[in-house]
>>> print(open('protein.csv').read())   # CSV, C-alpha atoms
chain,number,residue,atom,x,y,z
A,341,MET,CA,-5.0,-1.3,3.7
A,342,CYS,CA,-6.8,2.0,4.3
A,343,HIS,CA,-9.7,0.7,2.1
A,344,LYS,CA,-9.3,3.5,-0.5
A,345,ALA,CA,-8.8,2.7,-4.2
A,346,ASN,CA,-5.1,2.2,-5.0
A,347,GLU,CA,-5.6,4.0,-8.3
A,348,CYS,CA,-3.4,1.6,-10.2
A,349,SER,CA,-3.3,2.2,-13.9
A,350,ALA,CA,-0.7,-0.5,-14.8
A,351,GLU,CA,-3.1,-1.9,-17.4
A,352,LEU,CA,-2.8,1.4,-19.2
A,353,GLY,CA,1.0,1.1,-19.3
A,354,SER,CA,1.9,3.7,-16.7
A,355,CYS,CA,1.3,3.7,-13.0
A,356,TRP,CA,2.6,5.2,-9.7
A,357,CYS,CA,3.4,1.7,-8.6
A,358,PHE,CA,6.1,1.3,-11.4
A,359,ASN,CA,8.3,3.9,-9.7
A,360,THR,CA,7.4,3.3,-6.0
A,361,SER,CA,9.0,0.7,-3.8
A,362,ILE,CA,6.7,-0.9,-1.4
A,363,PRO,CA,8.5,-1.1,2.0
A,364,ALA,CA,9.0,-4.7,3.3
A,365,GLY,CA,7.6,-3.6,6.7
A,366,LEU,CA,4.4,-2.5,5.1
A,367,LYS,CA,4.1,-5.8,3.1
A,368,ALA,CA,4.8,-7.7,6.3
A,369,GLN,CA,1.5,-6.3,7.8
A,370,LEU,CA,-0.5,-8.1,5.1
A,371,ASN,CA,-2.1,-11.4,6.1
A,372,GLU,CA,-3.4,-14.2,3.9
A,373,ASN,CA,-6.7,-12.4,3.7
A,374,VAL,CA,-5.4,-9.2,2.3
A,375,ASP,CA,-4.5,-8.8,-1.4
A,376,PRO,CA,-1.1,-6.9,-1.9
A,377,ARG,CA,-2.9,-4.9,-4.5
A,378,CYS,CA,-4.8,-3.2,-1.7
A,379,ILE,CA,-1.7,-1.1,-0.9
A,380,CYS,CA,-2.1,2.4,-2.2
A,381,GLN,CA,0.3,5.3,-2.8
A,382,SER,CA,-1.2,7.1,0.3
A,383,CYS,CA,-0.4,4.1,2.5
A,384,VAL,CA,3.1,3.9,1.2
A,385,ALA,CA,3.7,7.6,1.9
A,386,ILE,CA,2.1,7.4,5.4
A,387,TYR,CA,4.2,4.4,6.3
A,388,ASN,CA,7.4,6.0,4.9
A,389,ASN,CA,6.9,9.1,7.0
A,390,ALA,CA,6.2,7.2,10.3
A,391,PRO,CA,6.4,3.4,10.1
A,392,GLU,CA,6.1,3.1,13.9
A,393,LYS,CA,2.7,4.9,13.8
A,394,PHE,CA,1.2,3.1,10.8
A,395,THR,CA,-1.8,1.1,11.6
A,396,PHE,CA,-3.5,-1.5,9.4
A,397,LYS,CA,-7.3,-1.1,9.2
A,398,SER,CA,-8.9,-4.5,9.1
>>> encode(input="protein.csv", output="structure tokens")
Amino acid sequence: MCHKANECSAELGSCWCFNTSIPAGLKAQLNENVDPRCICQSCVAIYNNAPEKFTFKS
């Protein structure tokens, strides 16, 4: 969503995404053209701190 790498390491057996819940409100901002794998740990943290201020960069 911010266009940074999501740094997922799930293929290696351990990743930040295994222990982080992606907020429904953040997922709701995705459209059919945006892959959910584009959500990174930074976007989750920013959204959780101020969901009303989070902006999606298209």
>>> residues_around(input="protein.csv", residues="A:Leu366", least_positions_apart="2", cutoff="10 Å", atoms="all atoms listed in the file", output="PyMOL selection string")
chain A and resi 341+362-364+368-370+376+379+383-384+387-388+391+394-396
>>> write_last_selection(input="protein.csv", atoms="C-alpha atoms", output="compact mmCIF listing (two decimals), in the coordinates of the input")
# COMPACT_ATOMS: atom_id res chain seq x y z
CA MET A 341 -5.00 -1.30 3.70
CA ILE A 362 6.70 -0.90 -1.40
CA PRO A 363 8.50 -1.10 2.00
CA ALA A 364 9.00 -4.70 3.30
CA ALA A 368 4.80 -7.70 6.30
CA GLN A 369 1.50 -6.30 7.80
CA LEU A 370 -0.50 -8.10 5.10
CA PRO A 376 -1.10 -6.90 -1.90
CA ILE A 379 -1.70 -1.10 -0.90
CA CYS A 383 -0.40 4.10 2.50
CA VAL A 384 3.10 3.90 1.20
CA TYR A 387 4.20 4.40 6.30
CA ASN A 388 7.40 6.00 4.90
CA PRO A 391 6.40 3.40 10.10
CA PHE A 394 1.20 3.10 10.80
CA THR A 395 -1.80 1.10 11.60
CA PHE A 396 -3.50 -1.50 9.40
>>> atom_distance(input="protein.csv", atom1="atom CA of A:Ile386", atom2="atom CA of A:Phe358")
18.3 Å
>>> atom_distance(input="protein.csv", atom1="atom CA of A:Lys393", atom2="atom CA of A:Cys355")
26.9 Å
>>> atom_distance(input="protein.csv", atom1="atom CA of A:Gly365", atom2="atom CA of A:Lys344")
19.7 Å
>>> closest_residue(input="protein.csv", among="A:Ala390, A:Cys380, A:Ser361, A:Ala385", to="A:His343", atoms="all atoms listed in the file")
A:Cys380
>>> residues_around(input="protein.csv", residues="A:Cys357", least_positions_apart="6", cutoff="9 Å", atoms="only C-alpha atoms", output="mmCIF file with C-alpha atoms, keeping the file's coordinate frame")
data_model
loop_
_atom_site.group_PDB
_atom_site.id
_atom_site.type_symbol
_atom_site.label_atom_id
_atom_site.label_comp_id
_atom_site.auth_asym_id
_atom_site.auth_seq_id
_atom_site.Cartn_x
_atom_site.Cartn_y
_atom_site.Cartn_z
ATOM 1 C CA CYS A 348 -3.400 1.600 -10.200
ATOM 2 C CA SER A 349 -3.300 2.200 -13.900
ATOM 3 C CA ALA A 350 -0.700 -0.500 -14.800
ATOM 4 C CA CYS A 380 -2.100 2.400 -2.200
ATOM 5 C CA GLN A 381 0.300 5.300 -2.800
#
>>> build_atoms(input="protein.csv", residues="stretch 356-387 of chain A", atoms="N, CA and C atoms", output="CSV table (one decimal), in the coordinates of the input")
chain,number,residue,atom,x,y,z
A,356,TRP,N,1.8,4.8,-10.8
A,356,TRP,CA,2.6,5.2,-9.7
A,356,TRP,C,3.4,4.0,-9.2
A,357,CYS,N,2.8,2.8,-9.2
A,357,CYS,CA,3.4,1.7,-8.6
A,357,CYS,C,4.7,1.2,-9.4
A,358,PHE,N,4.9,1.7,-10.6
A,358,PHE,CA,6.1,1.3,-11.4
A,358,PHE,C,7.3,1.9,-10.8
A,359,ASN,N,7.1,3.1,-10.2
A,359,ASN,CA,8.3,3.9,-9.7
A,359,ASN,C,8.3,4.0,-8.2
A,360,THR,N,7.5,3.2,-7.5
A,360,THR,CA,7.4,3.3,-6.0
A,360,THR,C,7.7,2.0,-5.4
A,361,SER,N,8.7,2.0,-4.5
A,361,SER,CA,9.0,0.7,-3.8
A,361,SER,C,8.1,0.6,-2.6
A,362,ILE,N,7.5,-0.6,-2.5
A,362,ILE,CA,6.7,-0.9,-1.4
A,362,ILE,C,7.5,-1.4,-0.2
A,363,PRO,N,7.6,-0.7,0.9
A,363,PRO,CA,8.5,-1.1,2.0
A,363,PRO,C,8.1,-2.5,2.5
A,364,ALA,N,9.2,-3.3,2.8
A,364,ALA,CA,9.0,-4.7,3.3
A,364,ALA,C,8.2,-4.7,4.6
A,365,GLY,N,8.4,-3.7,5.4
A,365,GLY,CA,7.6,-3.6,6.7
A,365,GLY,C,6.1,-3.4,6.5
A,366,LEU,N,5.8,-2.7,5.4
A,366,LEU,CA,4.4,-2.5,5.1
A,366,LEU,C,3.8,-3.8,4.5
A,367,LYS,N,4.6,-4.5,3.6
A,367,LYS,CA,4.1,-5.8,3.1
A,367,LYS,C,4.0,-6.8,4.2
A,368,ALA,N,4.8,-6.7,5.2
A,368,ALA,CA,4.8,-7.7,6.3
A,368,ALA,C,3.5,-7.6,7.1
A,369,GLN,N,2.8,-6.5,7.0
A,369,GLN,CA,1.5,-6.3,7.8
A,369,GLN,C,0.4,-7.0,7.1
A,370,LEU,N,0.6,-7.4,5.9
A,370,LEU,CA,-0.5,-8.1,5.1
A,370,LEU,C,-0.7,-9.5,5.7
A,371,ASN,N,-1.9,-10.0,5.7
A,371,ASN,CA,-2.1,-11.4,6.1
A,371,ASN,C,-2.6,-12.1,4.9
A,372,GLU,N,-2.9,-13.4,5.0
A,372,GLU,CA,-3.4,-14.2,3.9
A,372,GLU,C,-4.7,-13.7,3.4
A,373,ASN,N,-5.4,-12.9,4.1
A,373,ASN,CA,-6.7,-12.4,3.7
A,373,ASN,C,-6.7,-11.1,3.0
A,374,VAL,N,-5.5,-10.5,2.9
A,374,VAL,CA,-5.4,-9.2,2.3
A,374,VAL,C,-4.6,-9.2,1.0
A,375,ASP,N,-5.1,-8.8,-0.1
A,375,ASP,CA,-4.5,-8.8,-1.4
A,375,ASP,C,-3.4,-7.7,-1.4
A,376,PRO,N,-2.2,-8.0,-1.8
A,376,PRO,CA,-1.1,-6.9,-1.9
A,376,PRO,C,-1.5,-5.8,-2.8
A,377,ARG,N,-2.4,-6.0,-3.7
A,377,ARG,CA,-2.9,-4.9,-4.5
A,377,ARG,C,-3.7,-3.9,-3.8
A,378,CYS,N,-4.0,-4.2,-2.5
A,378,CYS,CA,-4.8,-3.2,-1.7
A,378,CYS,C,-3.9,-2.1,-1.2
A,379,ILE,N,-2.6,-2.2,-1.3
A,379,ILE,CA,-1.7,-1.1,-0.9
A,379,ILE,C,-1.8,0.0,-1.9
A,380,CYS,N,-2.0,1.2,-1.3
A,380,CYS,CA,-2.1,2.4,-2.2
A,380,CYS,C,-0.9,3.3,-2.0
A,381,GLN,N,-0.8,4.3,-2.9
A,381,GLN,CA,0.3,5.3,-2.8
A,381,GLN,C,0.2,6.0,-1.5
A,382,SER,N,-1.0,6.3,-1.0
A,382,SER,CA,-1.2,7.1,0.3
A,382,SER,C,-0.6,6.2,1.4
A,383,CYS,N,-0.9,4.9,1.5
A,383,CYS,CA,-0.4,4.1,2.5
A,383,CYS,C,1.1,4.0,2.5
A,384,VAL,N,1.7,3.9,1.3
A,384,VAL,CA,3.1,3.9,1.2
A,384,VAL,C,3.7,5.2,1.8
A,385,ALA,N,3.1,6.3,1.4
A,385,ALA,CA,3.7,7.6,1.9
A,385,ALA,C,3.5,7.7,3.4
A,386,ILE,N,2.4,7.4,4.0
A,386,ILE,CA,2.1,7.4,5.4
A,386,ILE,C,3.1,6.5,6.1
A,387,TYR,N,3.3,5.3,5.6
A,387,TYR,CA,4.2,4.4,6.3
A,387,TYR,C,5.6,4.9,6.2
